file start18.cif (mmCIF, C-alpha atoms)
data_coords
loop_
_atom_site.label_atom_id
_atom_site.label_comp_id
_atom_site.auth_asym_id
_atom_site.auth_seq_id
_atom_site.Cartn_x
_atom_site.Cartn_y
_atom_site.Cartn_z
CA MET R 1 -46.40 60.20 37.86
CA THR R 2 -50.18 59.89 37.77
CA ASP R 3 -52.13 57.14 39.46
CA ASP R 4 -52.72 55.51 36.04
CA GLY R 5 -48.98 55.48 35.33
CA VAL R 6 -48.21 53.95 38.70
CA GLN R 7 -50.84 51.29 38.16
CA LYS R 8 -49.43 50.41 34.71
CA ALA R 9 -45.92 50.18 36.10
CA ARG R 10 -47.08 47.83 38.87
CA GLU R 11 -48.89 45.66 36.34
CA ALA R 12 -45.75 45.50 34.10
CA ALA R 13 -43.58 44.60 37.09
CA ALA R 14 -45.99 41.85 38.12
CA ALA R 15 -46.04 40.44 34.61
CA ALA R 16 -42.23 40.49 34.44
CA ALA R 17 -42.01 38.72 37.81
CA GLU R 18 -44.46 36.09 36.60
CA VAL R 19 -42.37 35.51 33.46
CA ALA R 20 -39.17 35.29 35.53
CA GLU R 21 -40.72 32.72 37.87
CA LYS R 22 -41.83 30.67 34.88
CA LEU R 23 -38.36 30.77 33.33
CA GLN R 24 -36.77 29.85 36.64
CA ALA R 25 -39.08 26.85 36.96
CA GLU R 26 -38.22 25.72 33.42
CA ALA R 27 -34.49 26.07 34.15
CA GLN R 28 -34.80 24.01 37.31
CA GLU R 29 -36.68 21.33 35.40
CA ALA R 30 -33.95 21.27 32.71
CA VAL R 31 -31.26 20.89 35.38
CA ARG R 32 -33.20 18.00 36.93
CA ARG R 33 -33.51 16.21 33.57
CA ALA R 34 -29.80 16.73 32.87
CA GLU R 35 -28.83 15.26 36.24
CA GLU R 36 -31.05 12.23 35.60
CA ALA R 37 -29.50 11.72 32.14
CA ALA R 38 -25.99 11.98 33.59
CA ALA R 39 -26.87 9.41 36.25
CA ARG R 40 -28.18 7.01 33.60
CA ALA R 41 -25.01 7.52 31.52
CA ARG R 42 -22.82 6.72 34.54
CA GLU R 43 -24.80 3.57 35.23
CA ALA R 44 -24.46 2.47 31.59
CA ALA R 45 -20.70 3.14 31.64
CA ASP R 46 -20.27 1.17 34.86
CA ALA R 47 -22.26 -1.71 33.41
CA ALA R 48 -20.13 -1.71 30.24
CA ALA R 49 -16.91 -1.72 32.27
CA ALA R 50 -18.02 -4.60 34.46
CA PRO R 51 -16.23 -7.86 33.58
CA VAL R 52 -18.27 -10.34 31.60
CA ASN R 53 -17.89 -14.01 32.19
CA ALA R 54 -16.13 -15.30 29.09
CA ALA R 55 -17.45 -18.34 27.35
CA PRO R 56 -15.40 -21.45 27.98
CA PRO R 57 -12.77 -22.04 25.26
CA SER R 58 -13.73 -24.44 22.54
CA SER R 59 -11.94 -27.71 22.24
CA THR R 60 -8.43 -27.46 20.75
CA GLY R 61 -7.94 -31.16 20.44
CA PRO R 62 -7.67 -33.16 17.20
CA LEU R 63 -10.44 -32.70 14.66
CA ASP R 64 -13.02 -35.41 14.25
CA ALA R 65 -13.61 -37.29 11.01
CA ALA R 66 -16.46 -35.00 9.95
CA ALA R 67 -14.31 -31.88 10.28
CA ILE R 68 -11.45 -33.51 8.37
CA ASP R 69 -13.82 -34.51 5.56
CA ALA R 70 -15.14 -30.93 5.40
CA ILE R 71 -11.61 -29.55 5.04
CA ARG R 72 -10.74 -32.16 2.42
CA ALA R 73 -13.84 -31.22 0.43
CA GLY R 74 -13.00 -27.52 0.71
CA TYR R 75 -9.67 -28.02 -1.03
CA ALA R 76 -10.98 -30.45 -3.62
CA PHE R 77 -11.17 -28.47 -6.86
CA GLU R 78 -10.07 -28.90 -10.44
CA GLY R 79 -7.46 -26.86 -12.26
CA PRO R 80 -3.85 -25.85 -11.55
CA ALA R 81 -3.02 -25.03 -7.96
CA LEU R 82 -0.17 -24.16 -5.62
CA GLU R 83 0.53 -27.01 -3.20
CA MET R 84 1.02 -25.47 0.25
CA GLY R 85 1.25 -28.68 2.28
CA ALA R 86 -1.21 -30.82 4.20
CA LEU R 87 -3.59 -30.54 7.14
CA VAL R 88 -1.86 -31.10 10.48
CA ASN R 89 -4.21 -32.83 12.90
CA GLY R 90 -1.70 -33.86 15.50
CA ASP R 91 0.24 -35.44 12.61
CA PRO R 92 0.28 -34.40 8.94
CA LEU R 93 -2.51 -35.96 6.87
CA ALA R 94 -1.13 -36.50 3.36
CA ASP R 95 -4.61 -37.25 2.02
CA VAL R 96 -5.87 -33.76 3.01
CA PRO R 97 -3.72 -31.39 0.93
CA VAL R 98 -3.87 -27.62 1.41
CA ARG R 99 -3.92 -25.94 -2.00
CA ILE R 100 -4.42 -22.49 -3.51
CA PRO R 101 -6.07 -22.26 -6.95
CA LEU R 102 -3.68 -20.61 -9.37
CA ALA R 103 -6.49 -18.34 -10.59
CA MET R 104 -6.84 -16.93 -7.04
CA THR R 105 -3.23 -15.76 -6.68
CA ASN R 106 -4.13 -12.29 -7.93
CA ARG R 107 -5.84 -11.63 -4.58
CA HIS R 108 -4.28 -10.04 -1.51
CA GLY R 109 -2.66 -12.36 0.99
CA LEU R 110 -0.88 -12.24 4.33
CA VAL R 111 1.77 -14.64 5.62
CA ALA R 112 2.16 -14.07 9.37
CA GLY R 113 3.93 -15.87 12.17
CA ALA R 114 6.63 -15.64 14.79
CA THR R 115 10.33 -15.82 13.97
CA GLY R 116 11.32 -19.23 12.68
CA THR R 117 7.82 -20.46 11.84
CA GLY R 118 8.47 -20.66 8.08
CA LYS R 119 7.23 -17.36 6.59
CA THR R 120 10.22 -17.04 4.25
CA ARG R 121 10.02 -20.69 3.23
CA THR R 122 6.34 -20.22 2.46
CA LEU R 123 7.12 -17.23 0.23
CA GLN R 124 9.90 -19.19 -1.44
CA GLY R 125 7.53 -22.08 -2.15
CA LEU R 126 4.97 -19.67 -3.61
CA ALA R 127 7.58 -18.04 -5.86
CA GLU R 128 8.91 -21.40 -7.06
CA GLN R 129 5.51 -22.82 -7.91
CA LEU R 130 4.35 -19.63 -9.62
CA SER R 131 7.53 -19.69 -11.70
CA ALA R 132 6.90 -23.34 -12.58
CA HIS R 133 3.45 -22.28 -13.85
CA GLY R 134 5.03 -19.52 -15.97
CA VAL R 135 3.96 -16.65 -13.71
CA ALA R 136 6.60 -13.98 -13.12
CA VAL R 137 7.13 -12.91 -9.50
CA PHE R 138 8.56 -9.57 -8.33
CA ALA R 139 9.81 -9.90 -4.76
CA ALA R 140 11.47 -7.24 -2.58
CA ASP R 141 14.11 -9.51 -1.02
CA ILE R 142 15.93 -7.18 1.38
CA LYS R 143 18.05 -9.84 3.10
CA GLY R 144 18.50 -12.13 0.10
CA ASP R 145 16.52 -14.98 1.67
CA LEU R 146 14.70 -15.81 -1.57
CA SER R 147 17.71 -15.63 -3.87
CA GLY R 148 18.45 -19.30 -3.26
CA ILE R 149 15.78 -20.39 -5.74
CA ALA R 150 18.29 -19.57 -8.48
CA THR R 151 20.18 -22.81 -7.70
CA PRO R 152 18.89 -26.34 -6.97
CA GLY R 153 18.49 -27.16 -3.30
CA GLU R 154 20.26 -29.96 -1.46
CA GLY R 155 18.17 -32.75 0.00
CA ASN R 156 18.67 -34.52 3.29
CA GLU R 157 16.89 -37.22 5.27
CA LYS R 158 14.90 -34.75 7.41
CA LEU R 159 13.70 -32.82 4.36
CA LEU R 160 12.71 -35.96 2.44
CA ALA R 161 10.87 -37.36 5.46
CA ARG R 162 8.99 -34.09 5.92
CA THR R 163 7.91 -33.81 2.28
CA ALA R 164 6.91 -37.48 2.16
CA ALA R 165 4.75 -37.00 5.28
CA ILE R 166 2.71 -34.30 3.52
CA GLY R 167 2.38 -36.27 0.30
CA GLN R 168 5.00 -34.45 -1.78
CA ASP R 169 7.74 -36.01 -3.91
CA TRP R 170 10.52 -33.43 -3.57
CA THR R 171 13.22 -33.14 -6.20
CA PRO R 172 15.83 -30.36 -6.33
CA ALA R 173 15.24 -27.73 -9.03
CA SER R 174 16.33 -24.22 -9.89
CA PHE R 175 14.22 -21.40 -11.27
CA PRO R 176 15.06 -18.46 -13.55
CA VAL R 177 15.96 -15.39 -11.49
CA GLU R 178 16.90 -11.85 -12.49
CA PHE R 179 18.29 -9.58 -9.81
CA PHE R 180 17.47 -5.86 -9.77
CA SER R 181 19.21 -3.05 -7.94
CA LEU R 182 17.40 0.03 -6.68
CA GLY R 183 19.34 3.22 -7.36
CA GLY R 184 22.25 1.37 -8.95
CA HIS R 185 23.64 0.15 -5.61
CA GLY R 186 24.95 -3.39 -5.29
CA GLN R 187 24.78 -6.12 -7.90
CA GLY R 188 21.87 -6.43 -10.29
CA VAL R 189 20.14 -4.59 -13.09
CA PRO R 190 19.55 -0.97 -11.98
CA ILE R 191 15.90 0.02 -11.80
CA ARG R 192 15.60 3.46 -13.34
CA ALA R 193 12.74 5.59 -14.64
CA THR R 194 12.86 7.17 -18.08
CA ILE R 195 12.85 10.93 -18.45
CA ALA R 196 9.58 10.73 -20.39
CA GLY R 197 8.00 8.69 -17.59
CA PHE R 198 9.25 11.16 -14.99
CA GLY R 199 7.45 13.99 -16.79
CA PRO R 200 8.19 17.72 -17.00
CA LEU R 201 6.32 18.78 -13.85
CA LEU R 202 8.02 16.32 -11.50
CA LEU R 203 11.41 16.88 -13.15
CA ALA R 204 11.05 20.65 -12.76
CA LYS R 205 10.33 20.20 -9.05
CA ALA R 206 13.35 17.93 -8.67
CA LEU R 207 15.58 20.44 -10.45
CA GLY R 208 14.23 23.36 -8.45
CA LEU R 209 13.14 25.34 -11.53
CA ASN R 210 11.01 28.48 -11.35
CA ALA R 211 7.71 28.91 -13.16
CA THR R 212 9.29 30.26 -16.37
CA GLN R 213 11.86 27.49 -16.53
CA GLU R 214 9.21 24.88 -15.76
CA SER R 215 7.02 26.06 -18.63
CA SER R 216 10.04 25.99 -20.98
CA LEU R 217 10.82 22.43 -19.92
CA GLY R 218 7.20 21.48 -20.61
CA LEU R 219 7.55 22.96 -24.08
CA VAL R 220 10.59 20.75 -24.72
CA PHE R 221 8.66 17.63 -23.65
CA HIS R 222 5.78 18.69 -25.91
CA TYR R 223 8.14 19.07 -28.87
CA ALA R 224 9.76 15.67 -28.23
CA GLU R 225 6.41 13.88 -27.97
CA LYS R 226 5.02 15.60 -31.06
CA ASN R 227 8.05 14.60 -33.12
CA GLY R 228 8.39 11.07 -31.79
CA LEU R 229 11.65 11.67 -29.95
CA ALA R 230 12.24 9.22 -27.11
CA LEU R 231 13.42 10.90 -23.91
CA LEU R 232 14.94 7.93 -22.13
CA ASP R 233 17.74 9.53 -20.15
CA LEU R 234 19.34 12.88 -19.38
CA ALA R 235 21.52 12.67 -22.49
CA ASP R 236 18.40 12.58 -24.68
CA LEU R 237 16.96 15.63 -22.91
CA ARG R 238 20.23 17.55 -23.20
CA SER R 239 20.40 16.78 -26.93
CA VAL R 240 16.90 18.13 -27.53
CA LEU R 241 17.58 21.26 -25.46
CA GLN R 242 20.80 21.98 -27.34
CA TYR R 243 19.11 21.42 -30.70
CA LEU R 244 16.19 23.74 -29.94
CA THR R 245 18.56 26.58 -29.06
CA SER R 246 20.81 26.02 -32.08
CA ASP R 247 20.48 27.92 -35.36
CA ASP R 248 18.85 24.89 -36.97
CA GLY R 249 16.34 24.25 -34.19
CA LYS R 250 15.19 27.76 -33.25
CA ALA R 251 12.58 27.82 -35.98
CA GLU R 252 10.96 24.65 -34.63
CA LEU R 253 9.38 26.57 -31.72
CA ASP R 254 8.71 29.93 -33.34
CA GLY R 255 4.98 29.34 -33.23
CA LEU R 256 5.13 28.29 -29.58
CA GLY R 257 7.13 31.14 -28.14
CA GLY R 258 10.62 29.69 -28.48
CA LEU R 259 13.21 29.05 -25.80
CA SER R 260 15.52 31.48 -24.08
CA LYS R 261 19.21 30.53 -24.12
CA ALA R 262 19.49 31.73 -20.54
CA THR R 263 16.64 29.47 -19.45
CA VAL R 264 18.09 26.49 -21.30
CA GLY R 265 21.47 27.22 -19.72
CA VAL R 266 19.95 27.02 -16.23
CA ILE R 267 18.19 23.74 -17.05
CA LEU R 268 21.36 22.21 -18.49
CA ARG R 269 23.40 23.17 -15.41
CA GLU R 270 20.79 21.64 -13.10
CA LEU R 271 20.75 18.47 -15.22
CA ILE R 272 24.50 18.10 -14.70
CA VAL R 273 24.06 18.27 -10.92
CA PHE R 274 21.14 15.86 -11.16
CA ALA R 275 23.21 13.36 -13.17
CA GLU R 276 26.11 13.50 -10.73
CA ALA R 277 23.71 12.59 -7.92
CA GLY R 278 23.10 9.25 -9.69
CA PHE R 279 19.65 9.87 -11.16
CA PHE R 280 18.76 8.37 -14.54
#

call {"tool": "encode", "arguments": {"input": "start18.cif", "output": "structure tokens"}}
result
Amino acid sequence: MTDDGVQKAREAAAAAAEVAEKLQAEAQEAVRRAEEAAARAREAADAAAAPVNAAPPSSTGPLDAAAIDAIRAGYAFEGPALEMGALVNGDPLADVPVRIPLAMTNRHGLVAGATGTGKTRTLQGLAEQLSAHGVAVFAADIKGDLSGIATPGEGNEKLLARTAAIGQDWTPASFPVEFFSLGGHGQGVPIRATIAGFGPLLLAKALGLNATQESSLGLVFHYAEKNGLALLDLADLRSVLQYLTSDDGKAELDGLGGLSKATVGVILRELIVFAEAGFF
């Protein structure tokens, strides 16, 4: 290597060393900043975890006259309402009724409380008053607690004293009730969906049909809707299937591809199993 080559190599090595030193200094500076940021984060976390002196609890004693007047004014409105009771300020105040405007009962609500605090009685009172106003109520009454509104209640001294204390004149009354049964179990009107409401796609999934059978079932629904045929139950669907594969009904679907007897046979067999399981 010539002297010029050696000199160039030395210069390149010096430049590389200078760059390396610069990068090392930048890395050390980055590490220092990261350590400082971590220290600040730890201090902030420790400060957040430190207990804070809670504010002293507000007074839980009886409300003063101004507060009572404010509550009375808040429930003073015109129009039909559901009477929920009266303000309890140590003792019930019959002149401060707690009411819900009837027009507001389409909002969401929550009745919460421990066991025995009157949640079911509150729901029963809501259902009775809504019924008295001509508003139908659908209630999922798993244990039958609300079914008693179908017959007049029986009064007693404790009940009459309680209702009088909150400004109510209680008289026994019954309300119209219709019991429903889910799935046909127990007493009541069975709640069932119609075949038309179920739809071909969902019914095909429930029957475990393949793609070809599913499309054929959709064709049957299309034919029934086009011709005004009500598909209310499985018997209606079976009748349409049998008609469309008969000599008289084959021509009805010629322009739409028709139905295979084998496919219809599979659907009919699955419908029998479906019916035996208690559906529709």

call {"tool": "closest_residue", "arguments": {"input": "start18.cif", "among": "R:Trp170, R:Phe138, R:Phe274, R:Phe175", "to": "Asp233 (chain R)", "atoms": "only C-alpha atoms"}}
result
R:Phe274

call {"tool": "residues_near_point", "arguments": {"input": "start18.cif", "point": "(6.5, 27.8, -18.8)", "cutoff": "12 Å", "atoms": "only C-alpha atoms", "output": "ChimeraX atom specification"}}
result
/R:200-201,204,209-222,256-260,263-264

call {"tool": "atom_distance", "arguments": {"input": "start18.cif", "atom1": "CA of Ile195 (chain R)", "atom2": "CA of Lys250 (chain R)"}}
result
22.5 Å

call {"tool": "closest_residue", "arguments": {"input": "start18.cif", "among": "R:Leu182, R:Asn89, R:Ala230, R:Arg10", "to": "Ala65 (chain R)", "atoms": "all atoms listed in the file"}}
result
R:Asn89

call {"tool": "residues_around", "arguments": {"input": "start18.cif", "residues": "region 102-106 of chain R", "least_positions_apart": "3", "cutoff": "10 Å", "atoms": "all atoms listed in the file", "output": "VMD selection string"}}
result
chain R and resid 79 to 83 99 109 126 129 to 130 133 135

call {"tool": "resolve_selection", "arguments": {"input": "start18.cif", "expression": "the PyMOL selection byres ((chain R and resi 76) around 12)", "output": "PyMOL selection string"}}
result
chain R and resi 69-75+77-81+95-101

call {"tool": "write_last_selection", "arguments": {"input": "start18.cif", "atoms": "C-alpha atoms", "output": "PDB file, keeping the file's coordinate frame"}}
result
ATOM      1  CA  ASP R  69     -13.820 -34.510   5.560  1.00  0.00           C
ATOM      2  CA  ALA R  70     -15.140 -30.930   5.400  1.00  0.00           C
ATOM      3  CA  ILE R  71     -11.610 -29.550   5.040  1.00  0.00           C
ATOM      4  CA  ARG R  72     -10.740 -32.160   2.420  1.00  0.00           C
ATOM      5  CA  ALA R  73     -13.840 -31.220   0.430  1.00  0.00           C
ATOM      6  CA  GLY R  74     -13.000 -27.520   0.710  1.00  0.00           C
ATOM      7  CA  TYR R  75      -9.670 -28.020  -1.030  1.00  0.00           C
ATOM      8  CA  PHE R  77     -11.170 -28.470  -6.860  1.00  0.00           C
ATOM      9  CA  GLU R  78     -10.070 -28.900 -10.440  1.00  0.00           C
ATOM     10  CA  GLY R  79      -7.460 -26.860 -12.260  1.00  0.00           C
ATOM     11  CA  PRO R  80      -3.850 -25.850 -11.550  1.00  0.00           C
ATOM     12  CA  ALA R  81      -3.020 -25.030  -7.960  1.00  0.00           C
ATOM     13  CA  ASP R  95      -4.610 -37.250   2.020  1.00  0.00           C
ATOM     14  CA  VAL R  96      -5.870 -33.760   3.010  1.00  0.00           C
ATOM     15  CA  PRO R  97      -3.720 -31.390   0.930  1.00  0.00           C
ATOM     16  CA  VAL R  98      -3.870 -27.620   1.410  1.00  0.00           C
ATOM     17  CA  ARG R  99      -3.920 -25.940  -2.000  1.00  0.00           C
ATOM     18  CA  ILE R 100      -4.420 -22.490  -3.510  1.00  0.00           C
ATOM     19  CA  PRO R 101      -6.070 -22.260  -6.950  1.00  0.00           C
TER      20      PRO R 101
END

call {"tool": "closest_residue", "arguments": {"input": "start18.cif", "among": "R:Asn156, R:Pro92, R:Val266, R:Asp145", "to": "Gly118 (chain R)", "atoms": "only C-alpha atoms"}}
result
R:Asp145

call {"tool": "atom_distance", "arguments": {"input": "start18.cif", "atom1": "CA of Ala164 (chain R)", "atom2": "CA of Gly148 (chain R)"}}
result
22.2 Å

call {"tool": "atom_distance", "arguments": {"input": "start18.cif", "atom1": "CA of Glu154 (chain R)", "atom2": "CA of Asp141 (chain R)"}}
result
21.4 Å

call {"tool": "residues_near_point", "arguments": {"input": "start18.cif", "point": "(1.1, -34.4, -0.3)", "cutoff": "7 Å", "atoms": "only C-alpha atoms", "output": "JSON, numbers by chain"}}
result
{"R": [85, 86, 94, 95, 97, 166, 167, 168]}

call {"tool": "closest_residue", "arguments": {"input": "start18.cif", "among": "R:Pro190, R:Tyr223, R:Leu207, R:Asp248", "to": "Ile272 (chain R)", "atoms": "only C-alpha atoms"}}
result
R:Leu207

call {"tool": "closest_residue", "arguments": {"input": "start18.cif", "among": "R:Gly186, R:Gly155, R:Gly144, R:Gly208", "to": "Ala173 (chain R)", "atoms": "all atoms listed in the file"}}
result
R:Gly155

call {"tool": "closest_residue", "arguments": {"input": "start18.cif", "among": "R:Thr122, R:Tyr243, R:Pro176, R:Ala17", "to": "Gly134 (chain R)", "atoms": "all atoms listed in the file"}}
result
R:Pro176

call {"tool": "axis_aligned_box", "arguments": {"input": "start18.cif", "around": "region 205-224 of chain R", "padding_each_side": "5 Å", "output": "AutoDock Vina command-line options"}}
result
--center_x 10.7 --center_y 23.0 --center_z -18.7 --size_x 19.8 --size_y 24.6 --size_z 30.4

call {"tool": "decode", "arguments": {"input": "start18.cif", "residues": "region 60-149 of chain R", "atoms": "C-alpha atoms", "output": "mmCIF file, in the first residue's frame"}}
result
data_model
loop_
_atom_site.group_PDB
_atom_site.id
_atom_site.type_symbol
_atom_site.label_atom_id
_atom_site.label_comp_id
_atom_site.auth_asym_id
_atom_site.auth_seq_id
_atom_site.Cartn_x
_atom_site.Cartn_y
_atom_site.Cartn_z
ATOM 1 C CA THR R 60 -77.402 12.353 57.227
ATOM 2 C CA GLY R 61 -79.916 13.783 59.618
ATOM 3 C CA PRO R 62 -83.451 14.941 58.782
ATOM 4 C CA LEU R 63 -83.831 17.423 55.953
ATOM 5 C CA ASP R 64 -84.553 21.027 56.770
ATOM 6 C CA ALA R 65 -87.661 22.861 55.613
ATOM 7 C CA ALA R 66 -85.928 24.338 52.557
ATOM 8 C CA ALA R 67 -84.854 20.909 51.309
ATOM 9 C CA ILE R 68 -88.338 19.490 51.866
ATOM 10 C CA ASP R 69 -89.888 22.374 49.934
ATOM 11 C CA ALA R 70 -87.438 21.776 47.072
ATOM 12 C CA ILE R 71 -88.412 18.099 46.882
ATOM 13 C CA ARG R 72 -92.112 18.959 47.059
ATOM 14 C CA ALA R 73 -91.694 21.428 44.192
ATOM 15 C CA GLY R 74 -89.771 18.855 42.150
ATOM 16 C CA TYR R 75 -92.697 16.437 42.204
ATOM 17 C CA ALA R 76 -95.350 19.091 41.673
ATOM 18 C CA PHE R 77 -96.467 18.696 38.062
ATOM 19 C CA GLU R 78 -99.718 18.407 36.179
ATOM 20 C CA GLY R 79 -100.974 15.384 34.289
ATOM 21 C CA PRO R 80 -101.430 11.691 35.103
ATOM 22 C CA ALA R 81 -98.758 10.117 37.270
ATOM 23 C CA LEU R 82 -97.816 6.939 39.103
ATOM 24 C CA GLU R 83 -97.987 7.428 42.867
ATOM 25 C CA MET R 84 -94.876 5.816 44.359
ATOM 26 C CA GLY R 85 -95.324 6.930 47.967
ATOM 27 C CA ALA R 86 -94.120 9.863 50.043
ATOM 28 C CA LEU R 87 -90.870 11.402 51.228
ATOM 29 C CA VAL R 88 -89.530 9.767 54.381
ATOM 30 C CA ASN R 89 -87.785 12.333 56.555
ATOM 31 C CA GLY R 90 -87.582 10.345 59.739
ATOM 32 C CA ASP R 91 -91.339 9.814 59.343
ATOM 33 C CA PRO R 92 -93.385 9.730 56.111
ATOM 34 C CA LEU R 93 -94.559 13.165 54.952
ATOM 35 C CA ALA R 94 -97.940 12.678 53.276
ATOM 36 C CA ASP R 95 -97.846 16.221 51.879
ATOM 37 C CA VAL R 96 -94.646 15.462 49.887
ATOM 38 C CA PRO R 97 -95.709 12.711 47.459
ATOM 39 C CA VAL R 98 -93.190 10.943 45.235
ATOM 40 C CA ARG R 99 -94.650 10.588 41.743
ATOM 41 C CA ILE R 100 -93.581 9.515 38.260
ATOM 42 C CA PRO R 101 -95.204 11.261 35.269
ATOM 43 C CA LEU R 102 -97.010 8.699 33.160
ATOM 44 C CA ALA R 103 -95.417 10.161 30.028
ATOM 45 C CA MET R 104 -91.952 9.325 31.444
ATOM 46 C CA THR R 105 -92.563 5.597 31.915
ATOM 47 C CA ASN R 106 -91.127 4.829 28.483
ATOM 48 C CA ARG R 107 -87.649 5.561 29.886
ATOM 49 C CA HIS R 108 -85.230 3.045 31.370
ATOM 50 C CA GLY R 109 -85.438 2.473 35.101
ATOM 51 C CA LEU R 110 -83.748 0.458 37.824
ATOM 52 C CA VAL R 111 -85.288 -0.815 41.053
ATOM 53 C CA ALA R 112 -82.472 -1.911 43.370
ATOM 54 C CA GLY R 113 -82.235 -2.901 46.994
ATOM 55 C CA ALA R 114 -81.379 -5.673 49.407
ATOM 56 C CA THR R 115 -83.631 -8.681 49.992
ATOM 57 C CA GLY R 116 -86.881 -7.695 51.652
ATOM 58 C CA THR R 117 -86.690 -3.975 50.913
ATOM 59 C CA GLY R 118 -89.751 -3.958 48.629
ATOM 60 C CA LYS R 119 -88.437 -4.320 45.062
ATOM 61 C CA THR R 120 -91.184 -6.758 44.053
ATOM 62 C CA ARG R 121 -93.880 -4.669 45.735
ATOM 63 C CA THR R 122 -92.602 -1.623 43.865
ATOM 64 C CA LEU R 123 -92.849 -3.482 40.546
ATOM 65 C CA GLN R 124 -96.308 -4.711 41.474
ATOM 66 C CA GLY R 125 -97.432 -1.167 42.248
ATOM 67 C CA LEU R 126 -96.037 0.052 38.922
ATOM 68 C CA ALA R 127 -97.823 -2.715 37.002
ATOM 69 C CA GLU R 128 -101.130 -2.070 38.789
ATOM 70 C CA GLN R 129 -101.099 1.668 38.200
ATOM 71 C CA LEU R 130 -100.033 1.320 34.577
ATOM 72 C CA SER R 131 -102.891 -1.127 34.060
ATOM 73 C CA ALA R 132 -105.292 1.313 35.707
ATOM 74 C CA HIS R 133 -104.148 3.925 33.164
ATOM 75 C CA GLY R 134 -104.773 1.485 30.300
ATOM 76 C CA VAL R 135 -101.106 0.714 29.645
ATOM 77 C CA ALA R 136 -100.300 -2.949 29.006
ATOM 78 C CA VAL R 137 -97.352 -4.384 30.941
ATOM 79 C CA PHE R 138 -95.249 -7.395 29.922
ATOM 80 C CA ALA R 139 -93.420 -8.770 32.956
ATOM 81 C CA ALA R 140 -91.078 -11.773 33.148
ATOM 82 C CA ASP R 141 -92.357 -13.136 36.477
ATOM 83 C CA ILE R 142 -90.110 -16.151 37.080
ATOM 84 C CA LYS R 143 -91.273 -16.897 40.632
ATOM 85 C CA GLY R 144 -94.887 -15.786 40.220
ATOM 86 C CA ASP R 145 -94.536 -12.875 42.651
ATOM 87 C CA LEU R 146 -96.532 -10.489 40.455
ATOM 88 C CA SER R 147 -99.337 -12.887 39.585
ATOM 89 C CA GLY R 148 -101.281 -11.806 42.669
ATOM 90 C CA ILE R 149 -102.524 -8.658 40.938
#
